[in-house]
Amino acid sequence: MKLKHGLICLLLFSNASYAHPLTDKVNEYFQAQKAVEHKNSTETDVAKLLSLLTMDATFEHPSFDAVQSKSEYEKGLLYYLGKYGKCDIKVLNIIEGLNAVTVEYLPPCIDQDGKAELEGNRQKLVTLFEFEDEK
């Protein structure tokens, strides 16, 4: 099943304690994102992540006043491929309803030299996934 829309801010998700159908789809997406945001990631990891999305998926980044198409998102993922250290997120809250899932989280990342990005790791982020026909 594929995601329709998402507000994406370099996400990873490992909390499996939620057993709602849409949340399960978001968990699958975040696990694929985790594989992409790793120094040993490959084009296959990017393809797996993108396979979870509908063809017309969009990514909105209000902080940057940007909206990306799936194709633009793919170009960005390939550009940064292998340039990450390791990222993960600590989920603080999940809300599922009205055919959407909202995730509040902290985004701890470590660069390729093993240094934590302290400032960014303390900033709470929120991502909204909207679904259409369970995709």
# chains A, B, ... in the order shown; residues from 1 in each chain; ligands from 1

$ residues_around --residues "range 93-102 of chain A" --least-positions-apart "5" --cutoff "6 Å" --atoms "only C-alpha atoms" --output "list in words"
Thr127, Leu128, Phe129, Glu130 and Phe131 of chain A

$ write_last_selection --atoms "C-alpha atoms" --output "tab-separated table (two decimals), in the first residue's frame"
chain	number	residue	atom	x	y	z
A	127	THR	CA	4.94	15.21	10.01
A	128	LEU	CA	1.47	14.72	8.56
A	129	PHE	CA	0.69	11.81	6.23
A	130	GLU	CA	-2.58	11.97	4.30
A	131	PHE	CA	-4.01	8.86	2.65

$ select_by_dssp --residues "chain A" --states "helix (DSSP H, G or I)" --output "MDAnalysis selection string"
chainID A and resid 21:36 43:51 62:64 70:79 118:121

$ select_by_dssp --residues "chain A" --states "strand (DSSP E)" --output "PDB file with N, CA and C atoms, in the first residue's frame"
ATOM      1  N   LEU A   3       1.609   5.589   0.191  1.00  0.00           N
ATOM      2  CA  LEU A   3       1.244   6.860   0.791  1.00  0.00           C
ATOM      3  C   LEU A   3       0.854   7.849  -0.289  1.00  0.00           C
ATOM      4  N   LYS A   4      -0.124   8.670  -0.017  1.00  0.00           N
ATOM      5  CA  LYS A   4      -0.585   9.674  -0.972  1.00  0.00           C
ATOM      6  C   LYS A   4       0.207  10.960  -0.819  1.00  0.00           C
ATOM      7  N   HIS A   5       0.199  11.559   0.349  1.00  0.00           N
ATOM      8  CA  HIS A   5       0.878  12.836   0.585  1.00  0.00           C
ATOM      9  C   HIS A   5       1.681  12.719   1.875  1.00  0.00           C
ATOM     10  N   GLY A   6       2.685  13.511   2.007  1.00  0.00           N
ATOM     11  CA  GLY A   6       3.414  13.536   3.257  1.00  0.00           C
ATOM     12  C   GLY A   6       4.155  14.833   3.451  1.00  0.00           C
ATOM     13  N   LEU A  53       4.954   4.908  -2.262  1.00  0.00           N
ATOM     14  CA  LEU A  53       4.228   6.146  -2.549  1.00  0.00           C
ATOM     15  C   LEU A  53       3.435   6.050  -3.842  1.00  0.00           C
ATOM     16  N   THR A  54       2.333   6.786  -3.898  1.00  0.00           N
ATOM     17  CA  THR A  54       1.583   6.877  -5.140  1.00  0.00           C
ATOM     18  C   THR A  54       2.372   7.732  -6.131  1.00  0.00           C
ATOM     19  N   MET A  55       2.014   7.636  -7.395  1.00  0.00           N
ATOM     20  CA  MET A  55       2.713   8.399  -8.429  1.00  0.00           C
ATOM     21  C   MET A  55       2.588   9.906  -8.219  1.00  0.00           C
ATOM     22  N   ASP A  56       1.468  10.346  -7.656  1.00  0.00           N
ATOM     23  CA  ASP A  56       1.252  11.791  -7.484  1.00  0.00           C
ATOM     24  C   ASP A  56       1.517  12.272  -6.058  1.00  0.00           C
ATOM     25  N   ALA A  57       2.306  11.504  -5.296  1.00  0.00           N
ATOM     26  CA  ALA A  57       2.636  11.922  -3.934  1.00  0.00           C
ATOM     27  C   ALA A  57       3.346  13.275  -3.959  1.00  0.00           C
ATOM     28  N   THR A  58       3.055  14.113  -2.968  1.00  0.00           N
ATOM     29  CA  THR A  58       3.735  15.402  -2.829  1.00  0.00           C
ATOM     30  C   THR A  58       4.291  15.527  -1.425  1.00  0.00           C
ATOM     31  N   PHE A  59       5.314  16.335  -1.292  1.00  0.00           N
ATOM     32  CA  PHE A  59       6.001  16.553  -0.028  1.00  0.00           C
ATOM     33  C   PHE A  59       6.046  18.044   0.225  1.00  0.00           C
ATOM     34  N   GLU A  60       5.397  18.472   1.286  1.00  0.00           N
ATOM     35  CA  GLU A  60       5.324  19.889   1.602  1.00  0.00           C
ATOM     36  C   GLU A  60       6.259  20.197   2.771  1.00  0.00           C
ATOM     37  N   HIS A  61       7.047  21.244   2.602  1.00  0.00           N
ATOM     38  CA  HIS A  61       8.001  21.687   3.615  1.00  0.00           C
ATOM     39  C   HIS A  61       7.692  23.146   3.957  1.00  0.00           C
ATOM     40  N   ALA A  66       8.244  25.130   0.406  1.00  0.00           N
ATOM     41  CA  ALA A  66       8.501  24.277  -0.751  1.00  0.00           C
ATOM     42  C   ALA A  66       7.494  23.133  -0.819  1.00  0.00           C
ATOM     43  N   VAL A  67       7.163  22.768  -2.029  1.00  0.00           N
ATOM     44  CA  VAL A  67       6.357  21.589  -2.304  1.00  0.00           C
ATOM     45  C   VAL A  67       7.096  20.806  -3.378  1.00  0.00           C
ATOM     46  N   GLN A  68       7.386  19.533  -3.080  1.00  0.00           N
ATOM     47  CA  GLN A  68       8.120  18.701  -4.030  1.00  0.00           C
ATOM     48  C   GLN A  68       7.223  17.612  -4.590  1.00  0.00           C
ATOM     49  N   SER A  69       7.413  17.307  -5.848  1.00  0.00           N
ATOM     50  CA  SER A  69       6.771  16.153  -6.462  1.00  0.00           C
ATOM     51  C   SER A  69       7.555  14.904  -6.048  1.00  0.00           C
ATOM     52  N   LYS A  86      23.990   8.475  10.380  1.00  0.00           N
ATOM     53  CA  LYS A  86      22.876   7.611  10.776  1.00  0.00           C
ATOM     54  C   LYS A  86      21.847   8.488  11.456  1.00  0.00           C
ATOM     55  N   CYS A  87      20.606   8.394  11.003  1.00  0.00           N
ATOM     56  CA  CYS A  87      19.524   9.149  11.618  1.00  0.00           C
ATOM     57  C   CYS A  87      18.468   8.196  12.158  1.00  0.00           C
ATOM     58  N   LYS A  90      12.932   9.746  17.685  1.00  0.00           N
ATOM     59  CA  LYS A  90      12.256   9.328  18.904  1.00  0.00           C
ATOM     60  C   LYS A  90      10.831   9.867  18.812  1.00  0.00           C
ATOM     61  N   VAL A  91       9.873   8.955  18.660  1.00  0.00           N
ATOM     62  CA  VAL A  91       8.481   9.349  18.522  1.00  0.00           C
ATOM     63  C   VAL A  91       7.939   9.803  19.867  1.00  0.00           C
ATOM     64  N   LEU A  92       7.326  10.981  19.866  1.00  0.00           N
ATOM     65  CA  LEU A  92       6.731  11.524  21.082  1.00  0.00           C
ATOM     66  C   LEU A  92       5.221  11.349  21.098  1.00  0.00           C
ATOM     67  N   ASN A  93       4.593  11.384  19.912  1.00  0.00           N
ATOM     68  CA  ASN A  93       3.142  11.302  19.845  1.00  0.00           C
ATOM     69  C   ASN A  93       2.711  10.892  18.442  1.00  0.00           C
ATOM     70  N   ILE A  94       1.667  10.069  18.360  1.00  0.00           N
ATOM     71  CA  ILE A  94       1.070   9.692  17.085  1.00  0.00           C
ATOM     72  C   ILE A  94      -0.433   9.890  17.212  1.00  0.00           C
ATOM     73  N   ILE A  95      -1.017  10.539  16.225  1.00  0.00           N
ATOM     74  CA  ILE A  95      -2.465  10.728  16.171  1.00  0.00           C
ATOM     75  C   ILE A  95      -2.936  10.214  14.820  1.00  0.00           C
ATOM     76  N   GLU A  96      -3.876   9.279  14.834  1.00  0.00           N
ATOM     77  CA  GLU A  96      -4.445   8.757  13.595  1.00  0.00           C
ATOM     78  C   GLU A  96      -5.915   9.108  13.558  1.00  0.00           C
ATOM     79  N   GLY A  97      -6.358   9.667  12.447  1.00  0.00           N
ATOM     80  CA  GLY A  97      -7.764   9.977  12.288  1.00  0.00           C
ATOM     81  C   GLY A  97      -8.031  10.707  10.989  1.00  0.00           C
ATOM     82  N   ALA A 100      -5.683  10.191   8.060  1.00  0.00           N
ATOM     83  CA  ALA A 100      -4.358  10.809   8.158  1.00  0.00           C
ATOM     84  C   ALA A 100      -3.654  10.333   9.425  1.00  0.00           C
ATOM     85  N   VAL A 101      -2.342  10.488   9.436  1.00  0.00           N
ATOM     86  CA  VAL A 101      -1.530  10.174  10.615  1.00  0.00           C
ATOM     87  C   VAL A 101      -0.583  11.350  10.840  1.00  0.00           C
ATOM     88  N   THR A 102      -0.561  11.844  12.073  1.00  0.00           N
ATOM     89  CA  THR A 102       0.368  12.903  12.455  1.00  0.00           C
ATOM     90  C   THR A 102       1.371  12.321  13.446  1.00  0.00           C
ATOM     91  N   VAL A 103       2.651  12.606  13.227  1.00  0.00           N
ATOM     92  CA  VAL A 103       3.714  12.098  14.092  1.00  0.00           C
ATOM     93  C   VAL A 103       4.518  13.281  14.617  1.00  0.00           C
ATOM     94  N   GLU A 104       4.647  13.370  15.943  1.00  0.00           N
ATOM     95  CA  GLU A 104       5.519  14.354  16.589  1.00  0.00           C
ATOM     96  C   GLU A 104       6.753  13.589  17.056  1.00  0.00           C
ATOM     97  N   TYR A 105       7.948  14.135  16.777  1.00  0.00           N
ATOM     98  CA  TYR A 105       9.155  13.377  17.075  1.00  0.00           C
ATOM     99  C   TYR A 105      10.364  14.287  17.281  1.00  0.00           C
ATOM    100  N   LEU A 106      11.398  13.698  17.830  1.00  0.00           N
ATOM    101  CA  LEU A 106      12.728  14.306  17.890  1.00  0.00           C
ATOM    102  C   LEU A 106      13.586  13.573  16.869  1.00  0.00           C
ATOM    103  N   CYS A 109      20.332  12.659  14.921  1.00  0.00           N
ATOM    104  CA  CYS A 109      21.198  12.221  13.822  1.00  0.00           C
ATOM    105  C   CYS A 109      22.653  12.292  14.256  1.00  0.00           C
ATOM    106  N   ILE A 110      23.429  11.419  13.677  1.00  0.00           N
ATOM    107  CA  ILE A 110      24.879  11.391  13.872  1.00  0.00           C
ATOM    108  C   ILE A 110      25.491  11.506  12.488  1.00  0.00           C
ATOM    109  N   LEU A 125       9.812  17.999  15.757  1.00  0.00           N
ATOM    110  CA  LEU A 125       9.273  18.122  14.412  1.00  0.00           C
ATOM    111  C   LEU A 125       7.932  17.407  14.347  1.00  0.00           C
ATOM    112  N   VAL A 126       7.118  17.757  13.367  1.00  0.00           N
ATOM    113  CA  VAL A 126       5.821  17.125  13.147  1.00  0.00           C
ATOM    114  C   VAL A 126       5.691  16.800  11.670  1.00  0.00           C
ATOM    115  N   THR A 127       5.193  15.610  11.380  1.00  0.00           N
ATOM    116  CA  THR A 127       4.937  15.206  10.009  1.00  0.00           C
ATOM    117  C   THR A 127       3.504  14.727   9.908  1.00  0.00           C
ATOM    118  N   LEU A 128       2.840  15.124   8.838  1.00  0.00           N
ATOM    119  CA  LEU A 128       1.467  14.716   8.563  1.00  0.00           C
ATOM    120  C   LEU A 128       1.456  13.882   7.295  1.00  0.00           C
ATOM    121  N   PHE A 129       0.893  12.681   7.386  1.00  0.00           N
ATOM    122  CA  PHE A 129       0.689  11.815   6.229  1.00  0.00           C
ATOM    123  C   PHE A 129      -0.802  11.770   5.948  1.00  0.00           C
ATOM    124  N   GLU A 130      -1.184  12.080   4.722  1.00  0.00           N
ATOM    125  CA  GLU A 130      -2.579  11.972   4.299  1.00  0.00           C
ATOM    126  C   GLU A 130      -2.701  10.786   3.347  1.00  0.00           C
TER     127      GLU A 130
END

$ decode --residues "range 53-64 of chain A" --atoms "C-alpha atoms" --output "JSON list (two decimals), in the first residue's frame"
[["chain", "number", "residue", "atom", "x", "y", "z"],
["A", 53, "LEU", "CA", 4.23, 6.15, -2.55],
["A", 54, "THR", "CA", 1.58, 6.88, -5.14],
["A", 55, "MET", "CA", 2.71, 8.40, -8.43],
["A", 56, "ASP", "CA", 1.25, 11.79, -7.48],
["A", 57, "ALA", "CA", 2.64, 11.92, -3.93],
["A", 58, "THR", "CA", 3.74, 15.40, -2.83],
["A", 59, "PHE", "CA", 6.00, 16.55, -0.03],
["A", 60, "GLU", "CA", 5.32, 19.89, 1.60],
["A", 61, "HIS", "CA", 8.00, 21.69, 3.62],
["A", 62, "PRO", "CA", 6.34, 24.77, 5.19],
["A", 63, "SER", "CA", 9.57, 25.91, 6.87],
["A", 64, "PHE", "CA", 11.16, 26.23, 3.43]]
